[in-house]
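Read the structure below first, then the notes.
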Amino acid sequence: MLLAMKFKVAATLAAFASPLAASVVTPVSLAPAATTNVAETVQIAPANFAYRLAGDFSKDTTPATAPLRNLRLDGGLSIMKRQVTAAEYAICVNEGECPALASSAMAADRPVVGVSWRDATAYAKWLSRKTGLSYRLPTDEEWVFAAATRANDDAVPLPEASDDPSKVWLARYESESSKVRPVATAPQPTGSFGANENGLLDVGGNVWEWTDSCFIRAKIEANGTTRTTATNCGVRVVQGAHRAYMTDFVRDPRTGGCAAGVPPANLGFRLVLERAPGIGLMVARGAARLLAGAGIS
Amino acid sequence: MMTRRHALMGAALSALLVTVPALADDINLPRQSVDLVAPPFVHAHEQATKEGPKVMQFRMVIKEQEVVIDDAGTKLQAMTFNGSMPGPMMVVHEGDYVELTLVNPETNTMPHNIDFHSATGGLGGGALTLINPGEQTVLRWKATRTGTFVYHCAPEGSMIPWHVVSGMHGAVMVLPRAGLKDRDGKPLHYDKIYYIGENDLYIPRDENGKYKSYDSPGEAYADTMEVMRKLIPTHVVFNGKVGALTGKNAMTAKVGETVLVVHSQANRDSRPHLIGGHGDYVWETGKFSNPPEKDLETWFIRGGSAGAALYTFRQPGIYAYVNHNLIEAVELGATAHFKVEGDWNNDLMKQVTPPEPIPPAKLGAAETAAKSLVR
Ligand SMILES: [Cu+2]
């Protein structure tokens, strides 16, 4: 069990080489041996955390503040310590598995930005196949859990329910207007925004991160439970200095105009490493299995 | 182009040789000195006035300065009247004289002048006001016709469009002495006035598509001209910057308040539209001797003119005031907001049913069939 808590994976990618060399060393992270790394993951132990539900909520027929829930991730979470870099994404593009981006910057030390949810998902699929491990975007809940104190509860205190829609509208506008715009919008070198208590770098910096959570509309019932009335997976939750909802094919979140408020500065991502159930019991076996799965030569 | 050093030397010489002549005292009218304020605000003024014509005295200092024009931090080597884009609005009445002291401080690098569309003769004053860094001049012109009018810098040749799209333009409003009227002669009054100046900006990019920045207007000139001559602005904004009139800087009003919005565009056509509202009375060409049009949805501002729209807010909420070329509004920046407080009027609008799943009974037969196939 101790091993499980400290389980770290760093798979090394030999750039452009296929099949790719992936290795897992237990119980601590391995020293990178090859030219390009897959971001190291950190293992966060199970814990309780407060979570403001994402989506549009209403009570009766009027907009309502999203409920705050106390959640627990029983299995903990393995998540990339840093955002995927431009150079890492470029390898996937070169292999023809990820859509090419407008920006040609290949910086190894900066997060890839200008990626859509579709791009990020393509990368996760490719990386999973290359490594034989299971990478995916985090859910919004997982992101908030990992971000810990860097997660921003963006709930806007809404006025009393009334049939005057302008009150809610004005309250939201005020809240949005008071947000501070990021000073620098160009992606900064990895680590520029520091680490949070879980060791994650650059959480809430100037690169927002795609999550896999779909936009929902839900009603808050009289007993406090929620009932989802619509789910739109064409719009995903984006997380960073504040939460936002983005159409999945959007790469540039900037808006000049009609929408009030502050858009994310950049769209990037980091991935969760899916662990097999009961991994604590099978670290040793698992390593061997994962290695086999990666088709190591 | 005269260099700054030559200009300064010329100014110093003439200062030695000539004493500044006393202002001609040929007009024996009361004088009123007005402190200008930066847009979107407008200096205090009477709408209808019982007083006779006056000499209205204004002073503007030209400032060449670097400004940031969008959230990405894109920089423009701006040239401005009084440090704002657009320059401040001057309000006078028909029959008044506008007496402007125009100052070009030594810290600037170029000659500038001012052409008032509201003035008669002398290229709108441009021919009489060209001043070098370190100089100032006083121009007086008579407000012979009413309306909202553009003023702008117009030095010579290619300098003209360049100075204008670098920020050197503003507006004058000449009110009828009896105030604004509708087409039947009924007085119209505003509780608030806002002045929106639209800027089309042309920022050069480097080989990677990134906006370039320069240390001085002169260094930006050649690249900027190249972008200008293609006629496609990189930014279309209100009051000098993306978001200059949104968020914390949004304009405000209350339900029941009547607001006059003066909109100028010194260089290029625009089409203001108030999303969720209207133009109750609109002087599209800005000239108050023509009856205002009523109940407009969108109005047209010809490049090189200023128009005025009067609207009484009837519903609270956020209103977007946009250039209704929506690409320019949303992608290039021409959006402003009004925050309007007051009581909601359910008669004018009500959300009868909030968004909810389509009830099964209302599904068409084909849709129902399709749905039943999916588990
Ligand atoms: Cu000028």
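In the structure tokens, the first chain shown is A, the next is B, and so on; residue numbers restart at 1 for each chain, and ligands run from 1 in the order shown.
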**OP:** Considering only C-alpha atoms, return as number ranges by chain whatever protein or nucleic-acid residues lie within 8 Å of stretch 233-247 of chain A, sequence-local ones (same chain, fewer than 6 positions apart) excluded.
**Re:** A: 54, 117, 140, 143, 150-154, 203-215, 253, 263-264
**OP:** Identify, counting only C-alpha atoms and all ligand atoms, the protein, DNA and RNA residues located within 12 Å of ligand 1, and give them as a PyMOL selection string.
**Re:** chain B and resi 61-64+78-82+87+102-104+108-115+126+129-133+151-169+217
Extract, using only C-alpha atoms, all DNA, RNA and protein residues at most 12 Å from A:Trp169, discarding same-chain residues fewer than 2 positions from it, and format them as a CSV table (one decimal) with all heavy atoms, in the first residue's frame.
```csv
chain,number,residue,atom,x,y,z
A,62,THR,N,-36.0,30.1,-11.9
A,62,THR,CA,-35.0,31.1,-12.0
A,62,THR,C,-33.6,30.6,-11.8
A,62,THR,O,-33.4,29.6,-11.1
A,62,THR,CB,-35.3,32.2,-10.9
A,62,THR,OG1,-35.4,31.5,-9.6
A,62,THR,CG2,-36.6,32.9,-11.1
A,63,PRO,N,-32.6,31.3,-12.3
A,63,PRO,CA,-31.2,30.9,-12.2
A,63,PRO,C,-30.8,30.8,-10.7
A,63,PRO,O,-31.3,31.6,-9.9
A,63,PRO,CB,-30.5,32.0,-12.9
A,63,PRO,CG,-31.4,32.7,-13.8
A,63,PRO,CD,-32.8,32.6,-13.1
A,64,ALA,N,-30.0,29.8,-10.4
A,64,ALA,CA,-29.6,29.7,-9.0
A,64,ALA,C,-28.1,29.4,-9.0
A,64,ALA,O,-27.5,28.9,-10.0
A,64,ALA,CB,-30.4,28.5,-8.4
A,156,VAL,N,-21.2,32.9,-8.1
A,156,VAL,CA,-21.6,34.3,-8.0
A,156,VAL,C,-22.8,34.3,-7.1
A,156,VAL,O,-23.8,33.6,-7.3
A,156,VAL,CB,-22.0,34.9,-9.4
A,156,VAL,CG1,-22.5,36.3,-9.2
A,156,VAL,CG2,-20.9,34.8,-10.3
A,157,PRO,N,-22.8,35.0,-6.0
A,157,PRO,CA,-23.9,35.1,-5.1
A,157,PRO,C,-25.1,35.8,-5.9
A,157,PRO,O,-24.9,36.9,-6.4
A,157,PRO,CB,-23.5,36.0,-3.9
A,157,PRO,CG,-22.0,36.3,-4.1
A,157,PRO,CD,-21.7,35.9,-5.5
A,158,LEU,N,-26.1,35.1,-6.1
A,158,LEU,CA,-27.2,35.6,-6.9
A,158,LEU,C,-28.3,36.2,-6.0
A,158,LEU,O,-28.5,35.8,-4.9
A,158,LEU,CB,-27.8,34.5,-7.8
A,158,LEU,CG,-26.8,33.9,-8.8
A,158,LEU,CD1,-27.5,32.8,-9.6
A,158,LEU,CD2,-26.4,35.0,-9.8
A,159,PRO,N,-28.9,37.2,-6.6
A,159,PRO,CA,-30.0,37.8,-5.8
A,159,PRO,C,-31.2,36.9,-5.6
A,159,PRO,O,-31.3,35.8,-6.3
A,159,PRO,CB,-30.5,39.0,-6.7
A,159,PRO,CG,-29.7,39.0,-7.9
A,159,PRO,CD,-28.7,37.8,-7.9
A,164,ASP,N,-37.4,39.0,-12.3
A,164,ASP,CA,-36.6,40.0,-12.9
A,164,ASP,C,-35.2,39.4,-13.4
A,164,ASP,O,-34.3,39.3,-12.6
A,164,ASP,CB,-36.4,41.2,-12.0
A,164,ASP,CG,-35.6,42.3,-12.7
A,164,ASP,OD1,-35.0,42.1,-13.7
A,164,ASP,OD2,-35.5,43.4,-12.1
A,165,PRO,N,-35.1,39.0,-14.6
A,165,PRO,CA,-33.9,38.3,-15.0
A,165,PRO,C,-32.7,39.3,-15.0
A,165,PRO,O,-31.5,38.8,-15.0
A,165,PRO,CB,-34.2,37.9,-16.5
A,165,PRO,CG,-35.3,38.7,-16.9
A,165,PRO,CD,-36.1,39.1,-15.7
A,166,SER,N,-32.9,40.6,-15.1
A,166,SER,CA,-31.8,41.5,-15.2
A,166,SER,C,-30.9,41.5,-13.9
A,166,SER,O,-29.8,41.8,-13.9
A,166,SER,CB,-32.3,42.9,-15.5
A,166,SER,OG,-32.9,43.5,-14.3
A,167,LYS,N,-31.5,41.2,-12.7
A,167,LYS,CA,-30.8,41.2,-11.5
A,167,LYS,C,-29.6,40.2,-11.5
A,167,LYS,O,-28.5,40.5,-11.1
A,167,LYS,CB,-31.7,40.9,-10.3
A,167,LYS,CG,-32.9,41.9,-10.1
A,167,LYS,CD,-32.4,43.2,-9.4
A,167,LYS,CE,-33.5,44.1,-9.0
A,167,LYS,NZ,-34.2,44.7,-10.1
A,171,ALA,N,-25.6,40.9,-11.7
A,171,ALA,CA,-24.8,40.4,-10.7
A,171,ALA,C,-23.6,39.6,-11.3
A,171,ALA,O,-22.5,39.7,-10.9
A,171,ALA,CB,-25.6,39.5,-9.7
A,172,ARG,N,-24.0,38.8,-12.3
A,172,ARG,CA,-22.9,38.0,-13.0
A,172,ARG,C,-21.9,38.9,-13.7
A,172,ARG,O,-20.7,38.7,-13.8
A,172,ARG,CB,-23.6,37.1,-14.0
A,172,ARG,CG,-24.2,35.9,-13.3
A,172,ARG,CD,-24.4,34.7,-14.3
A,172,ARG,NE,-24.9,33.6,-13.5
A,172,ARG,CZ,-25.9,32.8,-13.9
A,172,ARG,NH1,-26.6,33.1,-15.0
A,172,ARG,NH2,-26.3,31.8,-13.1
A,173,TYR,N,-22.5,40.0,-14.3
A,173,TYR,CA,-21.6,40.9,-15.1
A,173,TYR,C,-20.6,41.6,-14.1
A,173,TYR,O,-19.5,41.7,-14.4
A,173,TYR,CB,-22.5,42.0,-15.8
A,173,TYR,CG,-21.7,42.9,-16.7
A,173,TYR,CD1,-21.5,42.4,-18.0
A,173,TYR,CD2,-21.3,44.1,-16.3
A,173,TYR,CE1,-20.7,43.2,-18.9
A,173,TYR,CE2,-20.5,44.9,-17.2
A,173,TYR,CZ,-20.3,44.5,-18.5
A,173,TYR,OH,-19.6,45.3,-19.4
A,174,GLU,N,-21.1,42.0,-13.0
A,174,GLU,CA,-20.3,42.7,-12.0
A,174,GLU,C,-19.1,41.7,-11.6
A,174,GLU,O,-18.0,42.1,-11.5
A,174,GLU,CB,-21.0,43.1,-10.7
A,174,GLU,CG,-22.0,44.2,-10.9
A,174,GLU,CD,-21.3,45.5,-11.5
A,174,GLU,OE1,-20.1,45.7,-11.2
A,174,GLU,OE2,-21.9,46.3,-12.2
A,175,SER,N,-19.5,40.4,-11.3
A,175,SER,CA,-18.6,39.5,-10.9
A,175,SER,C,-17.5,39.2,-12.0
A,175,SER,O,-16.3,39.2,-11.7
A,175,SER,CB,-19.3,38.2,-10.5
A,175,SER,OG,-18.4,37.1,-10.5
A,176,GLU,N,-18.0,39.1,-13.2
A,176,GLU,CA,-17.1,38.9,-14.3
A,176,GLU,C,-16.1,40.1,-14.5
A,176,GLU,O,-14.9,39.9,-14.7
A,176,GLU,CB,-17.8,38.7,-15.6
A,176,GLU,CG,-18.5,37.3,-15.7
A,176,GLU,CD,-17.6,36.2,-16.1
A,176,GLU,OE1,-16.8,36.4,-17.0
A,176,GLU,OE2,-17.6,35.2,-15.4
A,259,ALA,N,-20.0,38.7,-25.5
A,259,ALA,CA,-20.0,38.0,-24.2
A,259,ALA,C,-19.3,38.9,-23.2
A,259,ALA,O,-18.2,39.3,-23.4
A,259,ALA,CB,-19.3,36.7,-24.4
A,260,ALA,N,-20.0,39.0,-22.1
A,260,ALA,CA,-19.3,39.8,-21.0
A,260,ALA,C,-18.3,39.0,-20.3
A,260,ALA,O,-18.3,37.8,-20.4
A,260,ALA,CB,-20.4,40.2,-20.0
A,261,GLY,N,-17.4,39.6,-19.7
A,261,GLY,CA,-16.4,38.9,-18.8
A,261,GLY,C,-15.1,38.6,-19.5
A,261,GLY,O,-14.8,39.1,-20.6
B,316,PRO,N,-34.1,47.0,-17.5
B,316,PRO,CA,-32.7,46.8,-16.9
B,316,PRO,C,-31.9,45.7,-17.6
B,316,PRO,O,-32.5,44.9,-18.3
B,316,PRO,CB,-33.0,46.5,-15.5
B,316,PRO,CG,-34.4,45.8,-15.5
B,316,PRO,CD,-35.1,46.4,-16.7
B,317,GLY,N,-30.7,45.6,-17.3
B,317,GLY,CA,-29.8,44.6,-17.8
B,317,GLY,C,-28.6,45.1,-18.5
B,317,GLY,O,-28.2,46.3,-18.4
B,318,ILE,N,-27.9,44.2,-19.2
B,318,ILE,CA,-26.7,44.6,-19.9
B,318,ILE,C,-27.1,44.7,-21.4
B,318,ILE,O,-27.7,43.9,-22.0
B,318,ILE,CB,-25.6,43.5,-19.8
B,318,ILE,CG1,-25.3,43.1,-18.4
B,318,ILE,CG2,-24.4,43.9,-20.6
B,318,ILE,CD1,-24.7,44.3,-17.6
B,319,TYR,N,-26.7,45.8,-22.0
B,319,TYR,CA,-26.9,46.1,-23.4
B,319,TYR,C,-25.5,46.1,-24.0
B,319,TYR,O,-24.6,46.7,-23.5
B,319,TYR,CB,-27.6,47.4,-23.6
B,319,TYR,CG,-29.0,47.5,-23.2
B,319,TYR,CD1,-29.4,47.6,-21.8
B,319,TYR,CD2,-30.1,47.6,-24.1
B,319,TYR,CE1,-30.7,47.7,-21.4
B,319,TYR,CE2,-31.4,47.6,-23.7
B,319,TYR,CZ,-31.7,47.7,-22.4
B,319,TYR,OH,-33.0,47.8,-22.0
B,339,LYS,N,-24.6,49.2,-18.6
B,339,LYS,CA,-25.2,48.5,-17.5
B,339,LYS,C,-26.4,49.3,-17.1
B,339,LYS,O,-26.3,50.5,-16.7
B,339,LYS,CB,-24.2,48.5,-16.3
B,339,LYS,CG,-23.2,47.3,-16.3
B,339,LYS,CD,-22.5,47.3,-15.0
B,339,LYS,CE,-21.7,48.5,-14.7
B,339,LYS,NZ,-20.8,48.4,-13.6
B,340,VAL,N,-27.6,48.8,-17.1
B,340,VAL,CA,-28.8,49.5,-16.9
B,340,VAL,C,-29.6,48.9,-15.7
B,340,VAL,O,-29.9,47.7,-15.7
B,340,VAL,CB,-29.7,49.6,-18.1
B,340,VAL,CG1,-31.0,50.4,-17.8
B,340,VAL,CG2,-29.0,50.1,-19.3
B,341,GLU,N,-29.8,49.7,-14.6
B,341,GLU,CA,-30.5,49.3,-13.5
B,341,GLU,C,-31.9,49.8,-13.4
B,341,GLU,O,-32.2,50.9,-14.0
B,341,GLU,CB,-29.7,49.7,-12.2
B,341,GLU,CG,-28.4,49.0,-12.2
B,341,GLU,CD,-27.6,49.1,-10.9
B,341,GLU,OE1,-27.9,50.0,-10.1
B,341,GLU,OE2,-26.8,48.2,-10.6
B,344,TRP,N,-37.6,45.3,-13.9
B,344,TRP,CA,-37.9,44.6,-15.2
B,344,TRP,C,-39.4,44.8,-15.5
B,344,TRP,O,-40.2,44.7,-14.6
B,344,TRP,CB,-37.6,43.1,-14.9
B,344,TRP,CG,-37.8,42.3,-16.1
B,344,TRP,CD1,-38.8,41.5,-16.4
B,344,TRP,CD2,-36.9,42.1,-17.2
B,344,TRP,NE1,-38.7,40.8,-17.6
B,344,TRP,CE2,-37.4,41.2,-18.2
B,344,TRP,CE3,-35.6,42.6,-17.5
B,344,TRP,CZ2,-36.8,40.8,-19.3
B,344,TRP,CZ3,-35.0,42.3,-18.7
B,344,TRP,CH2,-35.6,41.4,-19.6
```
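For stretch 21-130 of chain B, a DSSP pass over the backbone yields helix (DSSP H, G or I) at B:Gly122, B:Leu123, B:Gly124, B:Gly125, B:Gly126, B:Ala127, B:Leu128.
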Original post:
What residues in chain B have any atom no more than 6 Å from chain A when counting only C-alpha atoms, and can you write them as a PyMOL selection string?
Top reply: chain B and resi 72+247-248+316-317+330-331+333+335+344
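The smallest atom-to-atom distance between B:Tyr97 and any of B:Phe116, B:Trp141, B:Tyr202, B:Phe313, using only C-alpha atoms, is found for B:Trp141.
Closest to A:Gly75 among A:Ile216, A:Leu53, A:Glu274, A:Arg110 is A:Glu274, based on only C-alpha atoms.
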Nearby residues (only C-alpha atoms) at most 12 Å from B:Gln57, same-chain spacing under 5 positions excluded, as a JSON list (two decimals) with N, CA, C and O atoms, in the first residue's frame:
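Written out: result_24.json:
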```json
[["chain", "number", "residue", "atom", "x", "y", "z"],
["B", 29, "LEU", "N", -17.65, 89.67, -27.01],
["B", 29, "LEU", "CA", -18.66, 88.75, -26.47],
["B", 29, "LEU", "C", -18.14, 88.19, -25.15],
["B", 29, "LEU", "O", -16.94, 88.16, -24.92],
["B", 30, "PRO", "N", -19.05, 87.72, -24.31],
["B", 30, "PRO", "CA", -18.60, 87.06, -23.08],
["B", 30, "PRO", "C", -17.75, 85.84, -23.44],
["B", 30, "PRO", "O", -17.97, 85.21, -24.47],
["B", 31, "ARG", "N", -16.79, 85.56, -22.58],
["B", 31, "ARG", "CA", -15.92, 84.41, -22.82],
["B", 31, "ARG", "C", -16.17, 83.37, -21.74],
["B", 31, "ARG", "O", -16.39, 83.69, -20.59],
["B", 32, "GLN", "N", -16.12, 82.12, -22.17],
["B", 32, "GLN", "CA", -16.26, 81.04, -21.19],
["B", 32, "GLN", "C", -15.17, 80.01, -21.46],
["B", 32, "GLN", "O", -15.02, 79.54, -22.58],
["B", 33, "SER", "N", -14.43, 79.69, -20.43],
["B", 33, "SER", "CA", -13.36, 78.71, -20.57],
["B", 33, "SER", "C", -13.86, 77.35, -20.08],
["B", 33, "SER", "O", -14.44, 77.25, -19.01],
["B", 34, "VAL", "N", -13.64, 76.34, -20.90],
["B", 34, "VAL", "CA", -14.17, 75.00, -20.59],
["B", 34, "VAL", "C", -13.03, 74.01, -20.40],
["B", 34, "VAL", "O", -12.13, 73.95, -21.23],
["B", 35, "ASP", "N", -13.08, 73.27, -19.31],
["B", 35, "ASP", "CA", -12.12, 72.18, -19.12],
["B", 35, "ASP", "C", -12.65, 70.92, -19.81],
["B", 35, "ASP", "O", -13.75, 70.46, -19.49],
["B", 36, "LEU", "N", -11.89, 70.37, -20.72],
["B", 36, "LEU", "CA", -12.32, 69.18, -21.45],
["B", 36, "LEU", "C", -12.16, 67.93, -20.59],
["B", 36, "LEU", "O", -11.29, 67.87, -19.73],
["B", 90, "MET", "N", -16.09, 68.66, -27.73],
["B", 90, "MET", "CA", -16.37, 70.05, -27.34],
["B", 90, "MET", "C", -17.82, 70.34, -27.66],
["B", 90, "MET", "O", -18.28, 70.04, -28.77],
["B", 91, "VAL", "N", -18.55, 70.91, -26.71],
["B", 91, "VAL", "CA", -19.95, 71.23, -26.93],
["B", 91, "VAL", "C", -20.14, 72.74, -26.87],
["B", 91, "VAL", "O", -19.73, 73.39, -25.89],
["B", 92, "VAL", "N", -20.74, 73.29, -27.92],
["B", 92, "VAL", "CA", -21.06, 74.73, -27.95],
["B", 92, "VAL", "C", -22.46, 74.87, -28.54],
["B", 92, "VAL", "O", -23.11, 73.87, -28.87],
["B", 96, "ASP", "N", -22.06, 80.52, -31.30],
["B", 96, "ASP", "CA", -20.87, 80.67, -30.44],
["B", 96, "ASP", "C", -19.61, 80.65, -31.30],
["B", 96, "ASP", "O", -19.63, 80.20, -32.45],
["B", 97, "TYR", "N", -18.53, 81.12, -30.70],
["B", 97, "TYR", "CA", -17.23, 80.99, -31.33],
["B", 97, "TYR", "C", -16.43, 79.95, -30.54],
["B", 97, "TYR", "O", -16.44, 79.97, -29.32],
["B", 98, "VAL", "N", -15.77, 79.09, -31.27],
["B", 98, "VAL", "CA", -14.88, 78.13, -30.61],
["B", 98, "VAL", "C", -13.47, 78.70, -30.72],
["B", 98, "VAL", "O", -13.01, 79.00, -31.82],
["B", 99, "GLU", "N", -12.82, 78.88, -29.59],
["B", 99, "GLU", "CA", -11.46, 79.41, -29.61],
["B", 99, "GLU", "C", -10.55, 78.37, -28.97],
["B", 99, "GLU", "O", -10.58, 78.16, -27.76],
["B", 100, "LEU", "N", -9.80, 77.71, -29.82],
["B", 100, "LEU", "CA", -8.97, 76.58, -29.35],
["B", 100, "LEU", "C", -7.51, 76.97, -29.28],
["B", 100, "LEU", "O", -6.94, 77.47, -30.25],
["B", 101, "THR", "N", -6.91, 76.71, -28.13],
["B", 101, "THR", "CA", -5.45, 76.80, -28.01],
["B", 101, "THR", "C", -4.92, 75.39, -28.21],
["B", 101, "THR", "O", -5.25, 74.48, -27.44],
["B", 102, "LEU", "N", -4.15, 75.19, -29.27],
["B", 102, "LEU", "CA", -3.60, 73.87, -29.58],
["B", 102, "LEU", "C", -2.12, 73.88, -29.26],
["B", 102, "LEU", "O", -1.38, 74.74, -29.74],
["B", 138, "VAL", "N", -3.47, 79.50, -31.60],
["B", 138, "VAL", "CA", -4.86, 79.71, -31.20],
["B", 138, "VAL", "C", -5.69, 79.91, -32.46],
["B", 138, "VAL", "O", -5.34, 80.72, -33.32],
["B", 139, "LEU", "N", -6.74, 79.13, -32.60],
["B", 139, "LEU", "CA", -7.63, 79.24, -33.75],
["B", 139, "LEU", "C", -9.04, 79.55, -33.24],
["B", 139, "LEU", "O", -9.49, 78.97, -32.26],
["B", 140, "ARG", "N", -9.69, 80.47, -33.92],
["B", 140, "ARG", "CA", -11.09, 80.74, -33.57],
["B", 140, "ARG", "C", -11.96, 80.54, -34.80],
["B", 140, "ARG", "O", -11.60, 80.99, -35.90],
["B", 141, "TRP", "N", -13.05, 79.85, -34.63],
["B", 141, "TRP", "CA", -14.01, 79.69, -35.74],
["B", 141, "TRP", "C", -15.42, 79.80, -35.20],
["B", 141, "TRP", "O", -15.69, 79.55, -34.02]]
```
